[in-house]
$ cat work_25.pdb   # PDB, C-alpha atoms
ATOM      1  CA  MET A   1     101.055 128.563  65.752  1.00  0.00           C
ATOM      2  CA  LYS A   2     104.815 128.680  66.194  1.00  0.00           C
ATOM      3  CA  PRO A   3     106.766 125.445  65.574  1.00  0.00           C
ATOM      4  CA  LEU A   4     108.183 125.577  69.124  1.00  0.00           C
ATOM      5  CA  ALA A   5     104.665 125.728  70.639  1.00  0.00           C
ATOM      6  CA  ILE A   6     103.532 122.745  68.543  1.00  0.00           C
ATOM      7  CA  TRP A   7     106.600 120.786  69.664  1.00  0.00           C
ATOM      8  CA  LYS A   8     105.839 121.517  73.327  1.00  0.00           C
ATOM      9  CA  ILE A   9     102.206 120.397  72.949  1.00  0.00           C
ATOM     10  CA  LEU A  10     103.222 117.182  71.193  1.00  0.00           C
ATOM     11  CA  TRP A  11     105.830 116.488  73.872  1.00  0.00           C
ATOM     12  CA  LEU A  12     103.218 116.935  76.662  1.00  0.00           C
ATOM     13  CA  VAL A  13     100.778 114.622  74.881  1.00  0.00           C
ATOM     14  CA  PHE A  14     103.514 112.010  74.482  1.00  0.00           C
ATOM     15  CA  ILE A  15     104.527 112.228  78.163  1.00  0.00           C
ATOM     16  CA  LEU A  16     100.976 112.207  79.592  1.00  0.00           C
ATOM     17  CA  SER A  17      99.449 109.580  77.286  1.00  0.00           C
ATOM     18  CA  PRO A  18     100.685 106.496  79.259  1.00  0.00           C
ATOM     19  CA  LEU A  19      99.098 107.895  82.444  1.00  0.00           C
ATOM     20  CA  THR A  20      95.803 108.465  80.677  1.00  0.00           C
ATOM     21  CA  LEU A  21      95.870 105.020  79.040  1.00  0.00           C
ATOM     22  CA  HIS A  22      96.554 103.270  82.369  1.00  0.00           C
ATOM     23  CA  ALA A  23      93.577 105.001  84.039  1.00  0.00           C
ATOM     24  CA  ALA A  24      91.390 104.275  81.018  1.00  0.00           C
ATOM     25  CA  ASN A  25      92.344 100.572  81.102  1.00  0.00           C
ATOM     26  CA  ASP A  26      91.355 100.313  84.772  1.00  0.00           C
ATOM     27  CA  LEU A  27      88.088 102.181  84.222  1.00  0.00           C
ATOM     28  CA  GLU A  28      87.151 100.084  81.200  1.00  0.00           C
ATOM     29  CA  ALA A  29      87.888  96.789  82.973  1.00  0.00           C
ATOM     30  CA  VAL A  30      85.201  94.229  82.271  1.00  0.00           C
ATOM     31  CA  ASP A  31      83.525  92.444  85.156  1.00  0.00           C
ATOM     32  CA  GLY A  32      84.974  88.971  85.389  1.00  0.00           C
ATOM     33  CA  PRO A  33      85.651  86.409  88.058  1.00  0.00           C
ATOM     34  CA  ASN A  34      88.278  88.658  89.714  1.00  0.00           C
ATOM     35  CA  VAL A  35      87.083  92.193  88.818  1.00  0.00           C
ATOM     36  CA  ARG A  36      84.008  94.194  89.844  1.00  0.00           C
ATOM     37  CA  VAL A  37      83.190  97.768  88.833  1.00  0.00           C
ATOM     38  CA  MET A  38      80.815  99.893  90.908  1.00  0.00           C
ATOM     39  CA  GLN A  39      79.537 103.254  89.701  1.00  0.00           C
ATOM     40  CA  TYR A  40      78.095 105.746  92.191  1.00  0.00           C
ATOM     41  CA  LYS A  41      75.444 108.451  91.845  1.00  0.00           C
ATOM     42  CA  ASP A  42      78.059 111.209  91.592  1.00  0.00           C
ATOM     43  CA  LYS A  43      79.603 109.383  88.557  1.00  0.00           C
ATOM     44  CA  SER A  44      82.680 108.287  90.521  1.00  0.00           C
ATOM     45  CA  LYS A  45      83.707 104.632  90.252  1.00  0.00           C
ATOM     46  CA  SER A  46      85.372 101.946  92.331  1.00  0.00           C
ATOM     47  CA  ILE A  47      87.125  98.983  90.774  1.00  0.00           C
ATOM     48  CA  PHE A  48      87.586  95.928  92.969  1.00  0.00           C
ATOM     49  CA  THR A  49      90.223  93.399  91.928  1.00  0.00           C
ATOM     50  CA  ARG A  50      90.909  90.235  93.900  1.00  0.00           C
ATOM     51  CA  SER A  51      93.821  87.852  93.697  1.00  0.00           C
ATOM     52  CA  PRO A  52      93.102  84.338  92.378  1.00  0.00           C
ATOM     53  CA  ASN A  53      93.583  82.887  95.896  1.00  0.00           C
ATOM     54  CA  ASN A  54      91.140  85.488  97.391  1.00  0.00           C
ATOM     55  CA  LEU A  55      93.678  86.666  99.972  1.00  0.00           C
ATOM     56  CA  VAL A  56      94.152  90.185  98.522  1.00  0.00           C
ATOM     57  CA  LEU A  57      91.406  92.625  97.477  1.00  0.00           C
ATOM     58  CA  ILE A  58      92.328  95.945  95.863  1.00  0.00           C
ATOM     59  CA  LYS A  59      89.833  98.795  95.682  1.00  0.00           C
ATOM     60  CA  LYS A  60      90.695 101.704  93.368  1.00  0.00           C
ATOM     61  CA  THR A  61      88.452 104.762  93.605  1.00  0.00           C
ATOM     62  CA  TYR A  62      88.209 107.223  90.720  1.00  0.00           C
ATOM     63  CA  SER A  63      86.709 110.708  90.684  1.00  0.00           C
ATOM     64  CA  PRO A  64      83.899 111.550  88.220  1.00  0.00           C
ATOM     65  CA  ALA A  65      86.635 112.904  85.904  1.00  0.00           C
ATOM     66  CA  GLY A  66      88.397 109.504  85.909  1.00  0.00           C
ATOM     67  CA  VAL A  67      91.316 110.493  88.169  1.00  0.00           C
ATOM     68  CA  LEU A  68      92.570 107.874  90.649  1.00  0.00           C
ATOM     69  CA  THR A  69      91.939 109.307  94.128  1.00  0.00           C
ATOM     70  CA  LEU A  70      92.415 106.384  96.548  1.00  0.00           C
ATOM     71  CA  THR A  71      93.685 102.826  96.520  1.00  0.00           C
ATOM     72  CA  THR A  72      92.904 100.462  99.378  1.00  0.00           C
ATOM     73  CA  VAL A  73      94.670  97.097  99.589  1.00  0.00           C
ATOM     74  CA  TYR A  74      92.883  94.616 101.866  1.00  0.00           C
ATOM     75  CA  ARG A  75      94.536  91.465 103.235  1.00  0.00           C
ATOM     76  CA  MET A  76      91.810  88.841 103.627  1.00  0.00           C
ATOM     77  CA  ASP A  77      91.499  85.615 105.589  1.00  0.00           C
ATOM     78  CA  ALA A  78      90.423  82.322 104.010  1.00  0.00           C
ATOM     79  CA  ASN A  79      86.734  83.241 104.522  1.00  0.00           C
ATOM     80  CA  GLY A  80      87.007  86.594 102.708  1.00  0.00           C
ATOM     81  CA  ASN A  81      87.037  88.804 105.819  1.00  0.00           C
ATOM     82  CA  PRO A  82      89.474  91.747 105.799  1.00  0.00           C
ATOM     83  CA  MET A  83      92.168  91.354 108.458  1.00  0.00           C
ATOM     84  CA  SER A  84      94.080  94.547 107.628  1.00  0.00           C
ATOM     85  CA  CYS A  85      94.377  97.136 104.890  1.00  0.00           C
ATOM     86  CA  LYS A  86      96.630  99.902 103.648  1.00  0.00           C
ATOM     87  CA  ILE A  87      95.248 103.097 102.126  1.00  0.00           C
ATOM     88  CA  TYR A  88      97.130 105.068  99.457  1.00  0.00           C
ATOM     89  CA  ASP A  89      96.379 108.388  97.789  1.00  0.00           C
ATOM     90  CA  GLY A  90      96.212 108.867  94.025  1.00  0.00           C
ATOM     91  CA  GLN A  91     100.007 109.273  93.810  1.00  0.00           C
ATOM     92  CA  LYS A  92     100.613 105.902  95.593  1.00  0.00           C
ATOM     93  CA  ASN A  93     101.695 107.530  98.870  1.00  0.00           C
ATOM     94  CA  GLU A  94     100.728 105.350 101.827  1.00  0.00           C
ATOM     95  CA  LEU A  95      98.407 107.301 104.140  1.00  0.00           C
ATOM     96  CA  PHE A  96      96.956 104.830 106.661  1.00  0.00           C
ATOM     97  CA  TRP A  97      97.062 101.202 107.737  1.00  0.00           C
ATOM     98  CA  VAL A  98      94.137  99.560 109.472  1.00  0.00           C
ATOM     99  CA  ARG A  99      93.606  96.372 111.463  1.00  0.00           C
ATOM    100  CA  TYR A 100      90.215  94.801 112.067  1.00  0.00           C
ATOM    101  CA  GLY A 101      88.891  92.899 115.078  1.00  0.00           C
ATOM    102  CA  TYR A 102      86.143  90.265 115.017  1.00  0.00           C
ATOM    103  CA  ARG A 103      83.939  88.714 117.682  1.00  0.00           C
ATOM    104  CA  LYS A 104      85.056  85.130 118.367  1.00  0.00           C
ATOM    105  CA  SER A 105      81.542  83.730 118.797  1.00  0.00           C
ATOM    106  CA  ASP A 106      80.161  84.611 115.353  1.00  0.00           C
ATOM    107  CA  GLY A 107      82.898  86.441 113.415  1.00  0.00           C
ATOM    108  CA  GLN A 108      81.114  89.813 113.300  1.00  0.00           C
ATOM    109  CA  LEU A 109      83.299  92.884 112.806  1.00  0.00           C
ATOM    110  CA  VAL A 110      83.423  94.811 116.095  1.00  0.00           C
ATOM    111  CA  ALA A 111      86.564  96.989 115.893  1.00  0.00           C
ATOM    112  CA  GLU A 112      88.878  98.896 113.583  1.00  0.00           C
ATOM    113  CA  GLU A 113      92.081 100.613 114.543  1.00  0.00           C
ATOM    114  CA  MET A 114      93.523 103.074 112.039  1.00  0.00           C
ATOM    115  CA  PHE A 115      97.147 104.184 112.169  1.00  0.00           C
ATOM    116  CA  ASP A 116      99.038 106.940 110.365  1.00  0.00           C
ATOM    117  CA  SER A 117     101.598 105.471 107.971  1.00  0.00           C
ATOM    118  CA  ARG A 118     103.552 108.697 107.658  1.00  0.00           C
ATOM    119  CA  VAL A 119     104.190 109.393 111.365  1.00  0.00           C
ATOM    120  CA  ARG A 120     104.575 106.752 114.055  1.00  0.00           C
ATOM    121  CA  ARG A 121     102.764 107.927 117.178  1.00  0.00           C
ATOM    122  CA  THR A 122     103.706 106.143 120.365  1.00  0.00           C
ATOM    123  CA  ASN A 123     102.249 105.943 123.837  1.00  0.00           C
ATOM    124  CA  PRO A 124     104.410 108.165 126.105  1.00  0.00           C
ATOM    125  CA  LYS A 125     104.093 105.605 128.923  1.00  0.00           C
ATOM    126  CA  GLN A 126     104.981 102.645 126.652  1.00  0.00           C
ATOM    127  CA  PRO A 127     107.255 103.847 123.813  1.00  0.00           C
ATOM    128  CA  ASP A 128     107.038 100.593 121.829  1.00  0.00           C
ATOM    129  CA  GLU A 129     103.208 100.775 121.658  1.00  0.00           C
ATOM    130  CA  GLU A 130     101.816 102.642 118.654  1.00  0.00           C
ATOM    131  CA  ILE A 131      98.686 104.752 119.192  1.00  0.00           C
ATOM    132  CA  PRO A 132      95.949 104.697 116.514  1.00  0.00           C
ATOM    133  CA  LEU A 133      94.665 107.900 114.935  1.00  0.00           C
ATOM    134  CA  GLN A 134      91.124 106.622 115.047  1.00  0.00           C
ATOM    135  CA  VAL A 135      89.268 103.743 116.664  1.00  0.00           C
ATOM    136  CA  VAL A 136      85.932 102.496 115.320  1.00  0.00           C
ATOM    137  CA  ARG A 137      83.711 100.261 117.449  1.00  0.00           C
ATOM    138  CA  TYR A 138      80.496  98.445 116.579  1.00  0.00           C
ATOM    139  CA  VAL A 139      77.877  97.070 118.950  1.00  0.00           C
ATOM    140  CA  ILE A 140      76.051  93.862 117.987  1.00  0.00           C
ATOM    141  CA  ASP A 141      72.414  93.759 119.161  1.00  0.00           C
ATOM    142  CA  ALA A 142      70.452  90.687 120.311  1.00  0.00           C
ATOM    143  CA  GLN A 143      69.330  89.991 116.711  1.00  0.00           C
ATOM    144  CA  GLY A 144      72.949  89.941 115.534  1.00  0.00           C
ATOM    145  CA  LYS A 145      72.743  93.283 113.664  1.00  0.00           C
ATOM    146  CA  ARG A 146      75.766  95.543 113.736  1.00  0.00           C
ATOM    147  CA  SER A 147      75.281  99.146 114.882  1.00  0.00           C
ATOM    148  CA  ALA A 148      76.407 102.219 113.008  1.00  0.00           C
ATOM    149  CA  PRO A 149      80.117 102.881 113.565  1.00  0.00           C
ATOM    150  CA  MET A 150      81.080 104.686 116.765  1.00  0.00           C
ATOM    151  CA  VAL A 151      84.157 106.704 115.831  1.00  0.00           C
ATOM    152  CA  PHE A 152      86.746 107.906 118.319  1.00  0.00           C
ATOM    153  CA  ASN A 153      89.387 110.275 116.943  1.00  0.00           C
ATOM    154  CA  ILE A 154      92.472 110.094 119.119  1.00  0.00           C
ATOM    155  CA  GLN A 155      94.686 112.691 117.422  1.00  0.00           C
ATOM    156  CA  PRO A 156      93.870 116.332 116.604  1.00  0.00           C
ATOM    157  CA  GLY A 157      93.579 117.484 113.009  1.00  0.00           C
ATOM    158  CA  LYS A 158      91.465 116.328 110.076  1.00  0.00           C
ATOM    159  CA  THR A 159      89.277 113.327 110.723  1.00  0.00           C
ATOM    160  CA  PHE A 160      89.462 110.171 108.648  1.00  0.00           C
ATOM    161  CA  GLU A 161      85.979 110.920 107.316  1.00  0.00           C
ATOM    162  CA  GLU A 162      87.171 114.298 105.996  1.00  0.00           C
ATOM    163  CA  ILE A 163      90.078 112.629 104.188  1.00  0.00           C
ATOM    164  CA  TYR A 164      88.598 109.277 103.138  1.00  0.00           C
ATOM    165  CA  GLY A 165      84.944 110.273 102.638  1.00  0.00           C
ATOM    166  CA  SER A 166      83.402 107.753 105.077  1.00  0.00           C
ATOM    167  CA  LYS A 167      83.623 107.002 108.786  1.00  0.00           C
ATOM    168  CA  SER A 168      85.097 103.551 108.316  1.00  0.00           C
ATOM    169  CA  SER A 169      87.405 101.728 105.929  1.00  0.00           C
ATOM    170  CA  ALA A 170      85.568  98.436 106.461  1.00  0.00           C
ATOM    171  CA  LEU A 171      83.988  96.736 103.469  1.00  0.00           C
ATOM    172  CA  GLN A 172      80.232  97.102 103.899  1.00  0.00           C
ATOM    173  CA  THR A 173      79.749  94.237 101.460  1.00  0.00           C
ATOM    174  CA  ASN A 174      82.370  92.258  99.621  1.00  0.00           C
ATOM    175  CA  PRO A 175      81.552  92.728  95.904  1.00  0.00           C
ATOM    176  CA  PHE A 176      82.604  89.144  95.256  1.00  0.00           C
ATOM    177  CA  LYS A 177      80.352  87.641  97.943  1.00  0.00           C
ATOM    178  CA  GLY A 178      77.145  89.630  97.521  1.00  0.00           C
ATOM    179  CA  ASP A 179      75.339  90.405 100.776  1.00  0.00           C
ATOM    180  CA  ARG A 180      76.139  87.154 102.578  1.00  0.00           C
ATOM    181  CA  PRO A 181      77.091  87.595 106.243  1.00  0.00           C
ATOM    182  CA  ALA A 182      80.741  87.357 107.152  1.00  0.00           C
ATOM    183  CA  ALA A 183      82.149  83.987 108.108  1.00  0.00           C
ATOM    184  CA  VAL A 184      84.129  83.504 111.302  1.00  0.00           C
ATOM    185  CA  PRO A 185      87.720  84.630 110.643  1.00  0.00           C
ATOM    186  CA  THR A 186      90.294  81.862 110.658  1.00  0.00           C
ATOM    187  CA  GLN A 187      93.240  83.917 111.887  1.00  0.00           C
ATOM    188  CA  ARG A 188      93.580  87.018 113.992  1.00  0.00           C
ATOM    189  CA  PRO A 189      96.050  89.804 113.188  1.00  0.00           C
ATOM    190  CA  LYS A 190      98.814  90.198 115.729  1.00  0.00           C
ATOM    191  CA  PRO A 191      99.108  93.624 117.374  1.00  0.00           C
ATOM    192  CA  GLY A 192     101.432  95.835 115.369  1.00  0.00           C
ATOM    193  CA  SER A 193     101.460  93.480 112.355  1.00  0.00           C
ATOM    194  CA  GLY A 194      99.965  96.040 109.966  1.00  0.00           C
ATOM    195  CA  ARG A 195     103.217  97.604 108.820  1.00  0.00           C
TER     196      ARG A 195
END
$ encode --input "work_25.pdb" --output "structure tokens"
Amino acid sequence: MKPLAIWKILWLVFILSPLTLHAANDLEAVDGPNVRVMQYKDKSKSIFTRSPNNLVLIKKTYSPAGVLTLTTVYRMDANGNPMSCKIYDGQKNELFWVRYGYRKSDGQLVAEEMFDSRVRRTNPKQPDEEIPLQVVRYVIDAQGKRSAPMVFNIQPGKTFEEIYGSKSSALQTNPFKGDRPAAVPTQRPKPGSGR
């Protein structure tokens, strides 16, 4: 091999090694009081990290090859219910922001509104009102069970499910709480407070 080719290979290894080490550190994180690792059937992984005060939950999703594909940062209330979240791609570009709505009587999640972080879409009749890309609604039956998500895509183009891989960004279960039902939220997000 020519000396110039060896130099180029060594330079690439030197430049790319910090990126590989950072991903490896996240993937090899040990479960502890503030970290949970979930592995899926397709060999992809999600790492959940919460802040010590439980008000921020970060979910990092890695492909089966160990490449960071999505990061979701949830803002939680005092009871551990997500109030809003921001979704980033693997290069830390903000894609979406979401706000959640809960039923006052029992604190069950009943609504999600997802907005595009890259382009502000406004209502033509009310220019200061932002229009969501997608609205998700849930119906609660008489036994208190939540229905499957009913998804309404407002804007044309790719759906959230095609980009994100699921119909909803809501946490199905909080990995730090097990399968306990959600508690009644203590504060409600204000309209337009997601940005």
$ residues_around --input "work_25.pdb" --residues "Ala111 (chain A)" --least-positions-apart "2" --cutoff "12 Å" --atoms "all atoms listed in the file" --output "PDB file with C-alpha atoms, keeping the file's coordinate frame"
ATOM      1  CA  PRO A  82      89.474  91.747 105.799  1.00  0.00           C
ATOM      2  CA  MET A  83      92.168  91.354 108.458  1.00  0.00           C
ATOM      3  CA  SER A  84      94.080  94.547 107.628  1.00  0.00           C
ATOM      4  CA  VAL A  98      94.137  99.560 109.472  1.00  0.00           C
ATOM      5  CA  ARG A  99      93.606  96.372 111.463  1.00  0.00           C
ATOM      6  CA  TYR A 100      90.215  94.801 112.067  1.00  0.00           C
ATOM      7  CA  GLY A 101      88.891  92.899 115.078  1.00  0.00           C
ATOM      8  CA  TYR A 102      86.143  90.265 115.017  1.00  0.00           C
ATOM      9  CA  ARG A 103      83.939  88.714 117.682  1.00  0.00           C
ATOM     10  CA  GLY A 107      82.898  86.441 113.415  1.00  0.00           C
ATOM     11  CA  GLN A 108      81.114  89.813 113.300  1.00  0.00           C
ATOM     12  CA  LEU A 109      83.299  92.884 112.806  1.00  0.00           C
ATOM     13  CA  GLU A 113      92.081 100.613 114.543  1.00  0.00           C
ATOM     14  CA  MET A 114      93.523 103.074 112.039  1.00  0.00           C
ATOM     15  CA  GLN A 134      91.124 106.622 115.047  1.00  0.00           C
ATOM     16  CA  VAL A 135      89.268 103.743 116.664  1.00  0.00           C
ATOM     17  CA  VAL A 136      85.932 102.496 115.320  1.00  0.00           C
ATOM     18  CA  ARG A 137      83.711 100.261 117.449  1.00  0.00           C
ATOM     19  CA  TYR A 138      80.496  98.445 116.579  1.00  0.00           C
ATOM     20  CA  VAL A 139      77.877  97.070 118.950  1.00  0.00           C
ATOM     21  CA  ILE A 140      76.051  93.862 117.987  1.00  0.00           C
ATOM     22  CA  ARG A 146      75.766  95.543 113.736  1.00  0.00           C
ATOM     23  CA  SER A 147      75.281  99.146 114.882  1.00  0.00           C
ATOM     24  CA  ALA A 148      76.407 102.219 113.008  1.00  0.00           C
ATOM     25  CA  PRO A 149      80.117 102.881 113.565  1.00  0.00           C
ATOM     26  CA  MET A 150      81.080 104.686 116.765  1.00  0.00           C
ATOM     27  CA  VAL A 151      84.157 106.704 115.831  1.00  0.00           C
ATOM     28  CA  PHE A 152      86.746 107.906 118.319  1.00  0.00           C
ATOM     29  CA  SER A 168      85.097 103.551 108.316  1.00  0.00           C
ATOM     30  CA  SER A 169      87.405 101.728 105.929  1.00  0.00           C
ATOM     31  CA  ALA A 170      85.568  98.436 106.461  1.00  0.00           C
TER      32      ALA A 170
END
$ atom_distance --input "work_25.pdb" --atom1 "CA of Val73 (chain A)" --atom2 "CA of Asn123 (chain A)"
26.9 Å
$ atom_distance --input "work_25.pdb" --atom1 "CA of Trp97 (chain A)" --atom2 "CA of Lys43 (chain A)"
27.2 Å
$ atom_distance --input "work_25.pdb" --atom1 "CA of Asn34 (chain A)" --atom2 "CA of Ser51 (chain A)"
6.9 Å
$ resolve_selection --input "work_25.pdb" --expression "the PyMOL selection byres ((chain A and resi 68) around 10)" --output "ChimeraX atom specification"
/A:23,26-27,44-46,60-67,69-71,89-92
$ resolve_selection --input "work_25.pdb" --expression "the PyMOL selection byres ((chain A and resi 116) around 12)" --output "VMD selection string"
chain A and resid 86 to 88 93 to 99 113 to 115 117 to 122 130 to 134 154 to 155 159 to 160 194 to 195
$ residues_around --input "work_25.pdb" --residues "Phe48 (chain A)" --least-positions-apart "3" --cutoff "6 Å" --atoms "all atoms listed in the file" --output "PDB file with C-alpha atoms, in the frame of the given file"
ATOM      1  CA  VAL A  35      87.083  92.193  88.818  1.00  0.00           C
ATOM      2  CA  ARG A  36      84.008  94.194  89.844  1.00  0.00           C
ATOM      3  CA  ILE A  58      92.328  95.945  95.863  1.00  0.00           C
ATOM      4  CA  LYS A  59      89.833  98.795  95.682  1.00  0.00           C
TER       5      LYS A  59
END
